[in-house]
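**Q** Contents of work17.txt (compact mmCIF, C-alpha atoms) are given next:
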# COMPACT_ATOMS: atom_id res chain seq x y z
CA MET A 1 0.00 0.00 0.00
CA ASN A 2 1.93 2.97 -1.24
CA GLY A 3 -0.94 5.33 -2.10
CA LYS A 4 -2.30 3.59 -5.19
CA ILE A 5 -5.19 2.09 -3.25
CA ASN A 6 -6.14 5.57 -1.98
CA ILE A 7 -6.30 6.90 -5.54
CA ILE A 8 -8.42 3.97 -6.71
CA PHE A 9 -10.67 4.16 -3.63
CA GLY A 10 -10.96 7.93 -4.02
CA PHE A 11 -12.28 7.74 -7.57
CA ILE A 12 -14.69 4.91 -6.75
CA TYR A 13 -15.92 6.66 -3.58
CA PHE A 14 -16.28 9.95 -5.47
CA ALA A 15 -18.44 8.21 -8.10
CA PHE A 16 -20.48 6.59 -5.30
CA THR A 17 -21.10 9.91 -3.55
CA ALA A 18 -21.88 11.64 -6.84
CA VAL A 19 -24.52 9.01 -7.68
CA LEU A 20 -26.03 9.05 -4.20
CA GLY A 21 -26.15 12.85 -4.05
CA PRO A 22 -29.19 13.47 -6.27
CA THR A 23 -31.03 10.37 -5.08
CA VAL A 24 -30.53 11.47 -1.49
CA LEU A 25 -31.26 15.15 -1.78
CA VAL A 26 -34.22 15.22 -4.18
CA PRO A 27 -36.78 13.57 -1.82
CA HIS A 28 -36.14 16.32 0.73
CA PHE A 29 -37.18 19.03 -1.71
CA GLY A 30 -40.80 17.90 -1.38
CA VAL A 31 -40.73 18.42 2.39
CA THR A 32 -39.24 21.90 1.99
CA GLN A 33 -41.75 22.80 -0.73
CA GLN A 34 -44.66 21.70 1.47
CA ALA A 35 -43.39 23.83 4.33
CA MET A 36 -42.96 26.81 2.02
CA GLU A 37 -46.52 26.41 0.71
CA LYS A 38 -47.87 26.20 4.26
CA ALA A 39 -46.00 29.36 5.25
CA ALA A 40 -47.25 31.16 2.12
CA GLN A 41 -50.82 30.17 2.94
CA ALA A 42 -50.40 31.49 6.48
CA VAL A 43 -49.05 34.79 5.19
CA ASP A 44 -51.90 35.06 2.65
CA LYS A 45 -54.42 34.45 5.40
CA VAL A 46 -52.96 37.27 7.45
CA LYS A 47 -53.05 39.58 4.42
CA GLN A 48 -56.70 38.71 3.76
CA GLU A 49 -57.70 39.43 7.32
CA ALA A 50 -55.76 42.72 7.11
CA GLN A 51 -55.13 42.70 10.84
CA PRO A 52 -52.16 44.54 12.24
CA ALA A 53 -51.25 41.60 14.48
CA LEU A 54 -50.57 38.04 13.37
CA THR A 55 -53.17 35.47 14.27
CA ALA A 56 -52.05 32.47 16.28
CA GLU A 57 -52.79 30.13 13.36
CA ALA A 58 -50.82 32.25 10.89
CA LEU A 59 -47.91 32.58 13.28
CA SER A 60 -47.96 28.81 13.81
CA GLY A 61 -47.74 28.23 10.05
CA ILE A 62 -44.77 30.57 9.71
CA LEU A 63 -43.02 28.94 12.66
CA ASP A 64 -43.63 25.48 11.17
CA TYR A 65 -41.85 26.62 8.01
CA LEU A 66 -38.89 27.91 9.98
CA LYS A 67 -38.60 24.64 11.93
CA VAL A 68 -38.16 22.47 8.83
CA GLU A 69 -35.14 20.28 9.48
CA LYS A 70 -32.33 20.51 7.00
CA PRO A 71 -31.48 17.07 5.65
CA MET A 72 -28.33 15.58 7.17
CA ALA A 73 -27.72 13.84 3.88
CA LYS A 74 -26.23 17.08 2.54
CA GLY A 75 -23.42 16.73 5.08
CA ALA A 76 -22.78 13.13 4.12
CA HIS A 77 -22.75 14.04 0.44
CA SER A 78 -20.34 16.97 0.76
CA HIS A 79 -18.06 15.19 3.24
CA GLY A 80 -18.02 12.11 1.05
CA ASN A 81 -16.95 14.15 -1.97
CA LEU A 82 -14.24 15.93 -0.02
CA GLU A 83 -12.92 12.76 1.59
CA ALA A 84 -12.80 11.04 -1.80
CA LEU A 85 -10.70 13.90 -3.15
CA LEU A 86 -8.57 13.86 0.01
CA ASN A 87 -7.80 10.18 -0.58
CA ILE A 88 -6.82 10.89 -4.19
CA ALA A 89 -4.53 13.76 -3.13
CA ALA A 90 -3.02 11.77 -0.24
CA GLY A 91 -2.40 8.82 -2.55
CA MET A 92 -0.61 10.98 -5.09
CA VAL A 93 1.58 12.53 -2.40
CA LEU A 94 2.34 9.14 -0.87
CA LEU A 95 3.55 7.89 -4.25
CA SER A 96 6.10 10.71 -4.42
CA LEU A 97 7.48 10.57 -0.88
CA ALA A 98 10.76 8.88 0.05
CA ILE A 99 9.61 7.33 3.34
CA PRO A 100 9.54 3.75 4.64
CA ALA A 101 6.91 1.49 3.09
CA ASN A 102 5.32 0.66 6.45
CA PHE A 103 4.78 4.40 7.16
CA LYS A 104 3.18 4.79 3.72
CA ALA A 105 0.92 1.81 4.41
CA LEU A 106 -0.10 3.21 7.79
CA LEU A 107 -0.99 6.61 6.31
CA SER A 108 -2.86 4.95 3.45
CA ILE A 109 -4.98 2.90 5.87
CA ILE A 110 -5.62 5.91 8.12
CA PHE A 111 -7.10 7.91 5.21
CA LEU A 112 -9.25 4.96 4.10
CA VAL A 113 -10.55 4.46 7.64
CA GLY A 114 -11.16 8.20 7.93
CA ALA A 115 -13.38 8.34 4.86
CA LEU A 116 -15.31 5.16 5.62
CA PHE A 117 -15.87 5.93 9.29
CA HIS A 118 -16.70 9.61 8.80
CA SER A 119 -18.76 10.23 5.66
CA GLY A 120 -19.48 6.52 5.28
CA MET A 121 -21.17 6.43 8.68
CA LEU A 122 -22.98 9.71 7.90
CA TYR A 123 -24.39 8.01 4.79
CA LEU A 124 -25.48 4.96 6.76
CA GLY A 125 -27.18 7.09 9.39
CA SER A 126 -28.82 9.80 7.34
CA VAL A 127 -29.57 8.01 4.09
CA PHE A 128 -30.14 4.42 5.15
CA HIS A 129 -31.52 5.25 8.62
CA MET A 130 -28.98 3.11 10.47
CA TYR A 131 -28.72 5.62 13.30
CA TRP A 132 -26.19 3.58 15.29
CA ALA A 133 -23.63 4.57 12.65
CA PHE A 134 -23.55 8.18 13.90
CA ASN A 135 -21.74 6.89 16.99
CA LEU A 136 -18.76 5.86 14.84
CA THR A 137 -18.21 9.13 12.95
CA LEU A 138 -15.77 10.36 15.60
CA ILE A 139 -13.40 7.53 14.66
CA GLY A 140 -13.33 8.80 11.09
CA ALA A 141 -12.84 12.43 12.08
CA ILE A 142 -9.93 11.53 14.35
CA ALA A 143 -8.43 9.30 11.64
CA ILE A 144 -8.58 12.11 9.08
CA ILE A 145 -6.89 14.57 11.43
CA ALA A 146 -4.27 11.98 12.36
CA GLY A 147 -3.72 11.29 8.66
CA LEU A 148 -3.22 14.98 7.92
CA VAL A 149 -0.72 15.35 10.77
CA GLY A 150 1.02 12.16 9.64
CA MET A 151 1.19 13.46 6.06
CA ALA A 152 2.75 16.69 7.30
CA ILE A 153 5.45 14.71 9.08
CA ALA A 154 5.90 12.35 6.16
CA SER A 155 6.15 15.27 3.74
CA PHE A 156 8.74 16.99 5.89
CA VAL A 157 10.86 13.84 6.09
CA GLY A 158 10.08 12.38 2.66
CA LEU A 159 10.58 15.53 0.62
CA LYS A 160 13.83 16.28 2.40
CA ASN A 161 15.10 12.75 1.67
CA ALA A 162 13.96 12.94 -1.95
CA LYS A 163 16.30 15.91 -2.59
CA ASP A 164 19.34 14.10 -1.19
Would it be possible to restate this file's structure as structure tokens?
**A**
Amino acid sequence: MNGKINIIFGFIYFAFTAVLGPTVLVPHFGVTQQAMEKAAQAVDKVKQEAQPALTAEALSGILDYLKVEKPMAKGAHSHGNLEALLNIAAGMVLLSLAIPANFKALLSIIFLVGALFHSGMLYLGSVFHMYWAFNLTLIGAIAIIAGLVGMAIASFVGLKNAKD
């Protein structure tokens, strides 16, 4: 594992997140549209009554619109795309560094674990309603940060050795 697997995984994971993006986000548009229509009806009712103060029913309709939950799937989609690209970039850098093979393998695995346990678990929880998966996202976040720190160290050592 010298970075090639990260590049391959990155492109496959990017394609996966790109395909899931529209299928995940489109169903939520209906919920938002319904809330917007309900809020518009409440506002129209207030206009028709021409009262200076909002009625309780109209105010309730506006508040219902404001309380519409934003779909968590957007976070999974954007994080998945970014983590796919991060794996591609990390893989390309790993290929060019003059560091021991076991350090390259460790960094490669850390970035794979980071993507799968962060955005992968977000997908499982928000898209496939496997809510237990949210408990594992911290593993992925820590792995990504550890991978970035490890890449900084590897770049410092590996680029210096490459010049020699």
**Q** Stretch 19-23 of chain A: which residues within 10 Å, counting all atoms listed in the file, same-chain residues fewer than 6 positions away excluded, as a PyMOL selection string?
**A** chain A and resi 13+73-74+76-78+80-81+123+127
**Q** Would you compute, for all listed atoms of stretch 80-99 of chain A, the axis-aligned bounding box grown by 3 Å on each side, and then report its centre and edge lengths in Å rounded to one decimal, as lines of an AutoDock Vina configuration file?
**A**
center_x = -3.6
center_y = 11.6
center_z = -0.9
size_x = 34.8
size_y = 14.6
size_z = 14.4
**Q** Which distance in Å separates atom CA of A:Leu122 and atom CA of A:Phe9, to one decimal?
**A**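 These atoms are spaced 17.8 Å apart.
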**Q** Can you work out the spacing between atom CA of A:Phe16 and atom CA of A:Leu124 in Å, to one decimal?
**A**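 We find that atom CA of A:Phe16 and atom CA of A:Leu124 lie 13.2 Å from each other.
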**Q** Might you pull out every residue within 7 Å of A:Phe117, with only C-alpha atoms counted and same-chain residues fewer than 3 positions away left off, and present them as a PyMOL selection string?
**A** chain A and resi 113-114+120-121+136-137+139-140
**Q** For A:Ala98, which residue among A:Gln41, A:Asn2, A:Ser126, A:Ser119 is the nearest when counting only C-alpha atoms?
**A** A:Asn2
**Q** What separation in Å, quoted to one decimal, exists between atom CA of A:Leu86 and atom CA of A:Gly150?
**A**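 If I compute the distance from atom CA of A:Leu86 to atom CA of A:Gly150, I get 13.7 Å.
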**Q** Counting all atoms listed in the file, which residues sit no farther than 12 Å from the position (-2.8, 11.3, -3.1) in the file's frame? I'd like them as a ChimeraX atom specification.
**A** /A:2-11,83-97,104,107-108,111-112,147-148,151,155
**Q** Those selected residues, please, written with C-alpha atoms and delivered as a PDB file, keeping the file's coordinate frame.
**A**
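selection_2.pdb, freshly written:
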ATOM      1  CA  ASN A   2       1.930   2.970  -1.240  1.00  0.00           C
ATOM      2  CA  GLY A   3      -0.940   5.330  -2.100  1.00  0.00           C
ATOM      3  CA  LYS A   4      -2.300   3.590  -5.190  1.00  0.00           C
ATOM      4  CA  ILE A   5      -5.190   2.090  -3.250  1.00  0.00           C
ATOM      5  CA  ASN A   6      -6.140   5.570  -1.980  1.00  0.00           C
ATOM      6  CA  ILE A   7      -6.300   6.900  -5.540  1.00  0.00           C
ATOM      7  CA  ILE A   8      -8.420   3.970  -6.710  1.00  0.00           C
ATOM      8  CA  PHE A   9     -10.670   4.160  -3.630  1.00  0.00           C
ATOM      9  CA  GLY A  10     -10.960   7.930  -4.020  1.00  0.00           C
ATOM     10  CA  PHE A  11     -12.280   7.740  -7.570  1.00  0.00           C
ATOM     11  CA  GLU A  83     -12.920  12.760   1.590  1.00  0.00           C
ATOM     12  CA  ALA A  84     -12.800  11.040  -1.800  1.00  0.00           C
ATOM     13  CA  LEU A  85     -10.700  13.900  -3.150  1.00  0.00           C
ATOM     14  CA  LEU A  86      -8.570  13.860   0.010  1.00  0.00           C
ATOM     15  CA  ASN A  87      -7.800  10.180  -0.580  1.00  0.00           C
ATOM     16  CA  ILE A  88      -6.820  10.890  -4.190  1.00  0.00           C
ATOM     17  CA  ALA A  89      -4.530  13.760  -3.130  1.00  0.00           C
ATOM     18  CA  ALA A  90      -3.020  11.770  -0.240  1.00  0.00           C
ATOM     19  CA  GLY A  91      -2.400   8.820  -2.550  1.00  0.00           C
ATOM     20  CA  MET A  92      -0.610  10.980  -5.090  1.00  0.00           C
ATOM     21  CA  VAL A  93       1.580  12.530  -2.400  1.00  0.00           C
ATOM     22  CA  LEU A  94       2.340   9.140  -0.870  1.00  0.00           C
ATOM     23  CA  LEU A  95       3.550   7.890  -4.250  1.00  0.00           C
ATOM     24  CA  SER A  96       6.100  10.710  -4.420  1.00  0.00           C
ATOM     25  CA  LEU A  97       7.480  10.570  -0.880  1.00  0.00           C
ATOM     26  CA  LYS A 104       3.180   4.790   3.720  1.00  0.00           C
ATOM     27  CA  LEU A 107      -0.990   6.610   6.310  1.00  0.00           C
ATOM     28  CA  SER A 108      -2.860   4.950   3.450  1.00  0.00           C
ATOM     29  CA  PHE A 111      -7.100   7.910   5.210  1.00  0.00           C
ATOM     30  CA  LEU A 112      -9.250   4.960   4.100  1.00  0.00           C
ATOM     31  CA  GLY A 147      -3.720  11.290   8.660  1.00  0.00           C
ATOM     32  CA  LEU A 148      -3.220  14.980   7.920  1.00  0.00           C
ATOM     33  CA  MET A 151       1.190  13.460   6.060  1.00  0.00           C
ATOM     34  CA  SER A 155       6.150  15.270   3.740  1.00  0.00           C
TER      35      SER A 155
END
